[in-house]
file protein-v1.cif (mmCIF, C-alpha atoms)
data_query
#
loop_
_atom_site.label_atom_id
_atom_site.label_comp_id
_atom_site.auth_asym_id
_atom_site.auth_seq_id
_atom_site.Cartn_x
_atom_site.Cartn_y
_atom_site.Cartn_z
CA MET A 1469 15.59 -18.80 -6.81
CA GLN A 1470 14.34 -21.74 -8.93
CA PHE A 1471 11.15 -21.70 -6.83
CA LEU A 1472 10.51 -18.08 -7.82
CA PHE A 1473 10.92 -18.86 -11.48
CA ARG A 1474 8.82 -22.03 -11.36
CA TYR A 1475 5.83 -20.45 -9.61
CA ALA A 1476 5.97 -16.92 -10.92
CA ASN A 1477 5.70 -17.30 -14.65
CA PRO A 1478 2.39 -15.75 -15.80
CA ALA A 1479 0.52 -19.03 -16.42
CA GLN A 1480 1.49 -20.49 -13.03
CA PHE A 1481 0.75 -17.17 -11.34
CA MET A 1482 -2.78 -17.09 -12.79
CA ARG A 1483 -3.47 -20.64 -11.54
CA LEU A 1484 -1.98 -20.06 -8.10
CA SER A 1485 -3.57 -16.64 -7.58
CA ASP A 1486 -6.97 -17.98 -8.67
CA MET A 1487 -6.80 -20.41 -5.74
CA LEU A 1488 -5.34 -17.91 -3.27
CA LEU A 1489 -7.50 -14.84 -3.95
CA PRO A 1490 -10.67 -15.95 -2.08
CA PHE A 1491 -8.62 -16.75 1.03
CA LEU A 1492 -6.70 -13.47 0.80
CA ALA A 1493 -9.94 -11.50 0.42
CA ALA A 1494 -11.59 -13.33 3.34
CA ALA A 1495 -8.53 -12.82 5.56
CA THR A 1496 -8.51 -9.11 4.66
CA LEU A 1497 -12.18 -8.68 5.57
CA LEU A 1498 -11.73 -10.57 8.84
CA ALA A 1499 -8.63 -8.59 9.82
CA PHE A 1500 -10.39 -5.27 9.10
CA ALA A 1501 -13.51 -6.33 11.05
CA VAL A 1502 -11.48 -7.42 14.10
CA GLY A 1503 -9.05 -4.49 13.89
CA LEU A 1504 -11.75 -1.85 13.55
CA TYR A 1505 -13.77 -3.36 16.38
CA LEU A 1506 -10.75 -3.44 18.70
CA GLY A 1507 -9.59 0.01 17.60
CA LEU A 1508 -12.95 1.66 18.16
CA THR A 1509 -13.65 0.02 21.52
CA VAL A 1510 -10.32 0.42 23.34
CA PRO A 1511 -10.47 2.99 26.17
CA PRO A 1512 -9.25 6.51 25.30
CA ASP A 1513 -5.59 7.29 26.01
CA TYR A 1514 -4.99 9.22 29.24
CA GLN A 1515 -3.12 11.95 27.32
CA GLN A 1516 -4.45 11.83 23.76
CA GLY A 1517 -8.04 10.94 24.54
CA ASP A 1518 -10.00 9.48 21.62
CA SER A 1519 -7.55 10.86 19.07
CA VAL A 1520 -5.39 7.80 19.83
CA ARG A 1521 -7.79 5.90 17.53
CA ILE A 1522 -6.22 7.76 14.60
CA MET A 1523 -3.08 5.68 15.24
CA PHE A 1524 -4.92 2.52 14.14
CA LEU A 1525 -5.24 3.91 10.60
CA HIS A 1526 -2.22 6.23 10.39
CA VAL A 1527 0.50 3.76 11.41
CA PRO A 1528 -0.79 0.87 9.23
CA ALA A 1529 -1.00 3.21 6.21
CA ALA A 1530 2.56 4.41 6.78
CA THR A 1531 3.82 0.86 7.34
CA ALA A 1532 2.07 -0.34 4.19
CA ALA A 1533 3.56 2.57 2.21
CA THR A 1534 7.14 1.57 3.05
CA THR A 1535 6.40 -2.17 2.75
CA VAL A 1536 5.03 -1.65 -0.77
CA TYR A 1537 8.21 0.23 -1.66
CA GLY A 1538 10.21 -2.69 -0.28
CA ALA A 1539 8.23 -5.03 -2.54
CA ILE A 1540 8.91 -2.79 -5.55
CA THR A 1541 12.62 -2.73 -4.69
CA ILE A 1542 12.79 -6.55 -4.50
CA CYS A 1543 10.90 -6.87 -7.79
CA SER A 1544 13.28 -4.35 -9.38
CA ILE A 1545 16.33 -6.35 -8.27
CA LEU A 1546 14.72 -9.54 -9.61
CA SER A 1547 14.09 -7.74 -12.88
CA LEU A 1548 17.52 -6.17 -13.29
CA VAL A 1549 19.62 -9.10 -12.10
CA TRP A 1550 17.66 -12.22 -13.03
CA ARG A 1551 15.23 -10.95 -15.71
CA HIS A 1552 12.39 -12.50 -13.79
CA PRO A 1553 9.36 -12.71 -16.13
CA LEU A 1554 6.75 -11.28 -13.75
CA SER A 1555 8.79 -8.88 -11.66
CA ASP A 1556 8.32 -5.79 -13.85
CA THR A 1557 4.57 -6.35 -14.01
CA ALA A 1558 4.44 -6.88 -10.25
CA ALA A 1559 6.52 -3.77 -9.48
CA ARG A 1560 4.40 -1.57 -11.76
CA ALA A 1561 1.17 -2.99 -10.31
CA ALA A 1562 2.25 -2.23 -6.74
CA ALA A 1563 3.16 1.43 -7.24
CA PRO A 1564 -0.35 3.04 -7.19
CA PHE A 1565 -1.14 1.27 -3.92
CA GLY A 1566 2.13 2.48 -2.45
CA ALA A 1567 1.29 6.03 -3.49
CA LEU A 1568 -2.20 5.70 -2.00
CA PHE A 1569 -0.90 4.39 1.34
CA THR A 1570 1.73 7.15 1.43
CA ALA A 1571 -0.88 9.84 0.75
CA LEU A 1572 -3.12 8.31 3.43
CA GLY A 1573 -0.22 8.24 5.88
CA LEU A 1574 0.47 11.93 5.21
CA VAL A 1575 -3.17 13.04 5.40
CA THR A 1576 -4.09 11.01 8.49
CA GLY A 1577 -0.84 12.10 10.14
CA ALA A 1578 -1.59 15.75 9.41
CA ILE A 1579 -5.08 15.42 10.88
CA TRP A 1580 -3.61 13.72 13.97
CA GLY A 1581 -0.94 16.41 14.21
CA LYS A 1582 -3.41 19.28 14.58
CA PRO A 1583 -4.86 18.23 17.96
CA MET A 1584 -1.60 16.73 19.25
CA TRP A 1585 1.05 19.16 17.97
CA GLY A 1586 -1.12 22.19 17.25
CA THR A 1587 -0.24 22.12 13.55
CA TYR A 1588 -1.05 20.01 10.49
CA TRP A 1589 2.49 20.09 9.14
CA VAL A 1590 6.09 20.72 10.13
CA TRP A 1591 9.14 20.27 7.93
CA ASP A 1592 10.75 17.75 10.23
CA ALA A 1593 12.85 14.84 8.97
CA ARG A 1594 10.18 12.12 9.27
CA LEU A 1595 7.41 14.10 7.58
CA THR A 1596 9.66 15.48 4.87
CA SER A 1597 11.24 12.11 4.00
CA PHE A 1598 7.75 10.57 3.90
CA LEU A 1599 6.56 13.33 1.55
CA LEU A 1600 9.61 12.57 -0.59
CA LEU A 1601 8.43 8.93 -0.76
CA LEU A 1602 5.15 10.14 -2.30
CA PHE A 1603 7.10 12.09 -4.95
CA ILE A 1604 9.25 9.02 -5.66
CA TYR A 1605 6.09 6.98 -6.20
CA PHE A 1606 4.74 9.66 -8.57
CA GLY A 1607 8.05 9.76 -10.43
CA TYR A 1608 8.14 5.97 -10.69
CA MET A 1609 4.63 5.80 -12.16
CA ALA A 1610 5.28 8.74 -14.48
CA LEU A 1611 8.45 7.07 -15.80
CA TRP A 1612 6.56 3.86 -16.62
CA ASN A 1613 4.01 5.91 -18.58
CA ALA A 1614 6.54 8.19 -20.25
CA ILE A 1615 8.52 5.50 -22.12
CA GLU A 1616 6.65 3.64 -24.84
CA ASP A 1617 9.03 0.68 -25.14
CA GLU A 1618 8.02 -1.55 -22.17
CA VAL A 1619 11.47 -3.14 -21.83
CA LYS A 1620 13.21 0.24 -21.64
CA ALA A 1621 10.51 1.61 -19.32
CA ALA A 1622 10.89 -1.38 -16.99
CA ARG A 1623 14.68 -0.97 -16.91
CA ALA A 1624 14.50 2.78 -16.20
CA ALA A 1625 11.76 2.35 -13.57
CA ALA A 1626 13.72 -0.42 -11.81
CA ILE A 1627 16.81 1.79 -11.60
CA LEU A 1628 14.73 4.68 -10.24
CA ALA A 1629 13.17 2.32 -7.68
CA LEU A 1630 16.61 1.20 -6.49
CA VAL A 1631 17.83 4.80 -6.19
CA GLY A 1632 14.64 5.76 -4.32
CA ALA A 1633 15.11 2.84 -1.91
CA VAL A 1634 17.77 4.94 -0.14
CA ASN A 1635 14.85 6.97 1.28
CA ILE A 1636 13.36 3.98 3.15
CA PRO A 1637 16.02 3.70 5.90
CA ILE A 1638 16.02 7.52 6.08
CA ILE A 1639 12.27 7.43 6.84
CA LYS A 1640 12.72 4.63 9.36
CA PHE A 1641 15.66 6.14 11.26
CA SER A 1642 14.87 9.84 10.76
CA VAL A 1643 13.38 10.01 14.27
CA ASP A 1644 16.66 8.66 15.71
CA TRP A 1645 19.10 10.58 13.52
CA TRP A 1646 17.45 13.99 13.87
CA ASN A 1647 15.51 15.87 16.49
CA THR A 1648 11.96 15.56 15.17
CA LEU A 1649 8.51 16.54 16.35
CA HIS A 1650 7.33 13.12 15.20
CA GLN A 1651 7.54 10.57 17.99
CA GLY A 1652 10.14 7.82 17.95
CA GLU A 1653 9.61 4.11 17.35
CA SER A 1654 7.26 2.70 19.98
CA ILE A 1655 6.22 -0.82 18.94
CA ILE A 1656 9.48 -2.79 19.10
CA SER A 1657 10.81 -0.65 21.96
CA GLY A 1658 7.74 -1.58 24.03
CA HIS A 1659 6.68 2.02 24.72
CA LEU A 1660 3.16 1.44 23.41
CA ALA A 1661 0.61 0.33 26.03
CA PRO A 1662 -0.42 -3.31 25.43
CA VAL A 1663 -4.09 -2.30 25.21
CA PHE A 1664 -3.29 -0.31 22.03
CA LEU A 1665 -0.80 -2.79 20.62
CA ALA A 1666 -3.32 -5.51 19.70
CA PRO A 1667 -5.62 -3.33 17.54
CA LEU A 1668 -2.60 -1.67 15.96
CA LEU A 1669 -1.01 -4.97 14.95
CA VAL A 1670 -4.31 -6.34 13.61
CA MET A 1671 -4.87 -3.18 11.56
CA MET A 1672 -1.32 -3.35 10.22
CA LEU A 1673 -2.01 -6.94 9.17
CA ALA A 1674 -5.32 -5.82 7.59
CA TYR A 1675 -3.60 -3.13 5.48
CA LEU A 1676 -0.91 -5.55 4.34
CA LEU A 1677 -3.51 -8.20 3.47
CA LEU A 1678 -5.52 -5.60 1.55
CA PHE A 1679 -2.40 -4.68 -0.38
CA ALA A 1680 -1.64 -8.36 -1.08
CA THR A 1681 -5.19 -8.91 -2.35
CA LEU A 1682 -5.35 -5.81 -4.55
CA TRP A 1683 -1.79 -6.34 -5.81
CA THR A 1684 -2.65 -9.89 -6.87
CA VAL A 1685 -5.77 -8.67 -8.70
CA ARG A 1686 -3.79 -5.91 -10.41
CA ILE A 1687 -1.06 -8.31 -11.58
CA ARG A 1688 -3.77 -10.62 -12.94
CA THR A 1689 -5.32 -7.64 -14.74
CA ALA A 1690 -1.96 -6.74 -16.29
CA ILE A 1691 -1.44 -10.33 -17.49
CA LEU A 1692 -4.93 -10.39 -19.05
CA GLU A 1693 -4.30 -7.03 -20.75
CA ARG A 1694 -1.00 -8.33 -22.13
CA ARG A 1695 -2.74 -11.42 -23.52
CA ALA A 1696 -5.40 -9.19 -25.11
CA ARG A 1697 -2.70 -6.99 -26.69
CA SER A 1698 -0.89 -9.99 -28.14
CA LEU A 1699 -4.17 -11.34 -29.53
CA MET A 1700 -4.86 -7.95 -31.12
CA GLN A 1701 -1.39 -7.83 -32.65
CA GLY A 1702 -1.75 -11.43 -33.86
CA GLY A 1703 -5.07 -10.61 -35.48
CA ILE A 1704 -3.76 -7.65 -37.47
CA MET C 1191 -19.90 1.62 22.60
CA ASP C 1192 -17.21 3.98 23.89
CA PHE C 1193 -16.41 5.49 20.50
CA LEU C 1194 -19.96 6.86 20.12
CA ALA C 1195 -19.28 9.09 23.13
CA ALA C 1196 -15.98 10.39 21.74
CA ASP C 1197 -14.29 13.44 23.28
CA GLN C 1198 -13.39 16.84 21.78
CA TRP C 1199 -11.21 15.11 19.18
CA ALA C 1200 -14.18 13.24 17.66
CA GLY C 1201 -14.15 15.42 14.53
CA TYR C 1202 -10.50 14.56 13.80
CA VAL C 1203 -11.10 10.84 14.43
CA ALA C 1204 -14.19 10.82 12.19
CA ALA C 1205 -12.31 12.68 9.42
CA VAL C 1206 -9.46 10.15 9.46
CA TYR C 1207 -11.80 7.15 9.40
CA GLY C 1208 -13.96 8.73 6.69
CA ILE C 1209 -11.05 9.68 4.43
CA SER C 1210 -9.45 6.26 4.85
CA ALA C 1211 -12.72 4.46 4.10
CA VAL C 1212 -13.34 6.51 0.94
CA ALA C 1213 -9.74 6.13 -0.30
CA LEU C 1214 -9.49 2.38 0.33
CA GLY C 1215 -13.01 1.80 -1.01
CA ALA C 1216 -12.14 3.68 -4.19
CA ALA C 1217 -8.93 1.66 -4.59
CA ILE C 1218 -10.88 -1.59 -4.26
CA LEU C 1219 -13.54 -0.42 -6.71
CA VAL C 1220 -11.10 0.83 -9.35
CA THR C 1221 -9.00 -2.35 -9.11
CA LEU C 1222 -12.00 -4.68 -9.44
CA LEU C 1223 -13.52 -2.68 -12.32
CA ALA C 1224 -10.22 -2.78 -14.26
CA TRP C 1225 -10.00 -6.55 -13.68
CA ARG C 1226 -13.57 -7.10 -14.94
CA ARG C 1227 -12.92 -4.88 -17.96
CA ALA C 1228 -9.74 -6.78 -18.82
CA LYS C 1229 -11.49 -10.15 -18.48
CA ALA C 1230 -14.38 -9.04 -20.69
CA ARG C 1231 -12.03 -7.61 -23.33
CA LEU C 1232 -9.93 -10.79 -23.47
CA ALA C 1233 -13.05 -12.98 -23.64
CA ALA C 1234 -14.38 -10.93 -26.55
CA LEU C 1235 -11.06 -11.20 -28.40
CA GLU C 1236 -10.82 -14.96 -27.81
CA GLN C 1237 -14.32 -15.48 -29.26
CA ARG C 1238 -13.41 -13.49 -32.37
CA PRO C 1239 -13.28 -15.75 -35.44
#

call {"tool": "encode", "arguments": {"input": "protein-v1.cif", "output": "structure tokens"}}
result
Amino acid sequence: MQFLFRYANPAQFMRLSDMLLPFLAAATLLAFAVGLYLGLTVPPDYQQGDSVRIMFLHVPAATAATTVYGAITICSILSLVWRHPLSDTAARAAAPFGALFTALGLVTGAIWGKPMWGTYWVWDARLTSFLLLLFIYFGYMALWNAIEDEVKAARAAAILALVGAVNIPIIKFSVDWWNTLHQGESIISGHLAPVFLAPLLVMMLAYLLLFATLWTVRIRTAILERRARSLMQGGI
Amino acid sequence: MDFLAADQWAGYVAAVYGISAVALGAAILVTLLAWRRAKARLAALEQRP
């Protein structure tokens, strides 16, 4: 815990992130280049044909969406329990990316659903709980913007984030708990053919690296904006 | 390249890749522009007498 506090105060964060950002950006580019190459050159699936290539963007987007929410949940706990100085800023900065990945997961899934299921949408447990995640993201961002006092806004948003975290295991296990049209888990269970596993894992890494890069930039932006605000207030 | 000779699902695959590219590209652009704007604003305030 001391480590978190030592390296995550705004000044230390700016120094550390300044060093890390070029490597994060380069790793993101490399992962996307390798992942896209592998994903676009694997042979078509014997059942799904070329539409299997949609998996290399749909699954990483969905994984990133829930991972970002996990990050927000951890930041919210750090904020509520330990009053960590950067956690509120970090949680707020992550939310738009989480919403974007969730929307991408829904849209790419719908487009994949049409050729595979014959429909863009069904109200099954996985799709519905994932749509709920998008609404939770919207609510979280709206709450931050609705309350003028930043301390109160951070407290309310953190509580909402913790309540919304209940939806994450529901998304994950919905395909086991209910009879859904959405397929079950296939990576850990080993049901995915190895030829598709490599591009999928690389693309998942690429999405997570992209999030890490953009999240870092957004936290830096928030810190700079806060400094500018305090300078403005000092100058009045 | 196999993907250039895609099957009857090519339209769906292209739509997914296109939408993802536009969305992620826009996210990158918006994030970097906000960062540059914040840096420029802070620099201007710090140079203020």

call {"tool": "interface_residues", "arguments": {"input": "protein-v1.cif", "of": "chain C", "to": "chain A", "cutoff": "9 Å", "atoms": "all atoms listed in the file", "output": "VMD selection string"}}
result
chain C and resid 1191 to 1194 1196 to 1200 1202 to 1207 1209 to 1210 1213 to 1214 1217 to 1218 1221 to 1222 1224 to 1229 1231 to 1233 1235 to 1236

call {"tool": "resolve_selection", "arguments": {"input": "protein-v1.cif", "expression": "the PyMOL selection byres ((chain A and resi 1641-1658) around 9)", "output": "NGL selection string"}}
result
:A and (1581 or 1585 or 1590 or 1592-1595 or 1597 or 1636-1640 or 1659-1662 or 1665)

call {"tool": "residues_around", "arguments": {"input": "protein-v1.cif", "residues": "Ile1604 of chain A", "least_positions_apart": "2", "cutoff": "9 Å", "atoms": "all atoms listed in the file", "output": "list in words"}}
result
Ala1567, Leu1599, Leu1600, Leu1601, Leu1602, Phe1606, Gly1607, Tyr1608, Met1609, Leu1628, Ala1629 and Gly1632 of chain A

call {"tool": "atom_distance", "arguments": {"input": "protein-v1.cif", "atom1": "atom CA of Leu1506 of chain A", "atom2": "atom CA of Leu1219 of chain C"}}
result
25.7 Å

call {"tool": "atom_distance", "arguments": {"input": "protein-v1.cif", "atom1": "atom CA of Pro1553 of chain A", "atom2": "atom CA of Leu1630 of chain A"}}
result
18.4 Å

call {"tool": "resolve_selection", "arguments": {"input": "protein-v1.cif", "expression": "the PyMOL selection byres ((chain A and resi 1612) around 8)", "output": "PyMOL selection string"}}
result
chain A and resi 1560+1608-1611+1613-1615+1618+1621-1622+1625

call {"tool": "atom_distance", "arguments": {"input": "protein-v1.cif", "atom1": "atom CA of Asn1635 of chain A", "atom2": "atom CA of Phe1603 of chain A"}}
result
11.2 Å

call {"tool": "decode", "arguments": {"input": "protein-v1.cif", "residues": "segment 1655-1670 of chain A", "atoms": "N, CA and C atoms", "output": "PDB file, in the first residue's frame"}}
result
ATOM      1  N   ILE A1655     -11.935 -19.659 -24.187  1.00  0.00           N
ATOM      2  CA  ILE A1655     -10.473 -19.494 -24.172  1.00  0.00           C
ATOM      3  C   ILE A1655      -9.858 -20.394 -23.102  1.00  0.00           C
ATOM      4  N   ILE A1656     -10.288 -20.204 -21.844  1.00  0.00           N
ATOM      5  CA  ILE A1656      -9.715 -20.978 -20.739  1.00  0.00           C
ATOM      6  C   ILE A1656     -10.112 -22.453 -20.867  1.00  0.00           C
ATOM      7  N   SER A1657     -11.335 -22.705 -21.350  1.00  0.00           N
ATOM      8  CA  SER A1657     -11.809 -24.085 -21.459  1.00  0.00           C
ATOM      9  C   SER A1657     -11.122 -24.850 -22.595  1.00  0.00           C
ATOM     10  N   GLY A1658     -10.396 -24.118 -23.455  1.00  0.00           N
ATOM     11  CA  GLY A1658      -9.647 -24.781 -24.525  1.00  0.00           C
ATOM     12  C   GLY A1658     -10.494 -25.156 -25.730  1.00  0.00           C
ATOM     13  N   HIS A1659     -11.703 -24.582 -25.853  1.00  0.00           N
ATOM     14  CA  HIS A1659     -12.568 -24.914 -26.981  1.00  0.00           C
ATOM     15  C   HIS A1659     -12.199 -24.155 -28.255  1.00  0.00           C
ATOM     16  N   LEU A1660     -11.370 -23.136 -28.108  1.00  0.00           N
ATOM     17  CA  LEU A1660     -10.997 -22.336 -29.285  1.00  0.00           C
ATOM     18  C   LEU A1660      -9.799 -22.995 -29.969  1.00  0.00           C
ATOM     19  N   ALA A1661      -9.890 -23.135 -31.298  1.00  0.00           N
ATOM     20  CA  ALA A1661      -8.785 -23.753 -32.052  1.00  0.00           C
ATOM     21  C   ALA A1661      -7.516 -22.927 -31.865  1.00  0.00           C
ATOM     22  N   PRO A1662      -6.369 -23.598 -31.651  1.00  0.00           N
ATOM     23  CA  PRO A1662      -5.109 -22.876 -31.395  1.00  0.00           C
ATOM     24  C   PRO A1662      -4.772 -21.845 -32.470  1.00  0.00           C
ATOM     25  N   VAL A1663      -5.180 -22.124 -33.714  1.00  0.00           N
ATOM     26  CA  VAL A1663      -4.843 -21.195 -34.806  1.00  0.00           C
ATOM     27  C   VAL A1663      -5.516 -19.824 -34.593  1.00  0.00           C
ATOM     28  N   PHE A1664      -6.657 -19.821 -33.905  1.00  0.00           N
ATOM     29  CA  PHE A1664      -7.358 -18.553 -33.638  1.00  0.00           C
ATOM     30  C   PHE A1664      -6.967 -17.942 -32.300  1.00  0.00           C
ATOM     31  N   LEU A1665      -6.357 -18.775 -31.450  1.00  0.00           N
ATOM     32  CA  LEU A1665      -6.049 -18.304 -30.094  1.00  0.00           C
ATOM     33  C   LEU A1665      -4.957 -17.228 -30.113  1.00  0.00           C
ATOM     34  N   ALA A1666      -3.908 -17.455 -30.915  1.00  0.00           N
ATOM     35  CA  ALA A1666      -2.774 -16.520 -30.922  1.00  0.00           C
ATOM     36  C   ALA A1666      -3.199 -15.105 -31.327  1.00  0.00           C
ATOM     37  N   PRO A1667      -3.874 -14.945 -32.499  1.00  0.00           N
ATOM     38  CA  PRO A1667      -4.295 -13.576 -32.851  1.00  0.00           C
ATOM     39  C   PRO A1667      -5.251 -12.964 -31.843  1.00  0.00           C
ATOM     40  N   LEU A1668      -6.102 -13.808 -31.258  1.00  0.00           N
ATOM     41  CA  LEU A1668      -7.062 -13.282 -30.274  1.00  0.00           C
ATOM     42  C   LEU A1668      -6.328 -12.739 -29.047  1.00  0.00           C
ATOM     43  N   LEU A1669      -5.372 -13.504 -28.542  1.00  0.00           N
ATOM     44  CA  LEU A1669      -4.641 -13.066 -27.342  1.00  0.00           C
ATOM     45  C   LEU A1669      -3.819 -11.811 -27.628  1.00  0.00           C
ATOM     46  N   VAL A1670      -3.214 -11.754 -28.826  1.00  0.00           N
ATOM     47  CA  VAL A1670      -2.409 -10.563 -29.164  1.00  0.00           C
ATOM     48  C   VAL A1670      -3.314  -9.343 -29.279  1.00  0.00           C
TER      49      VAL A1670
END
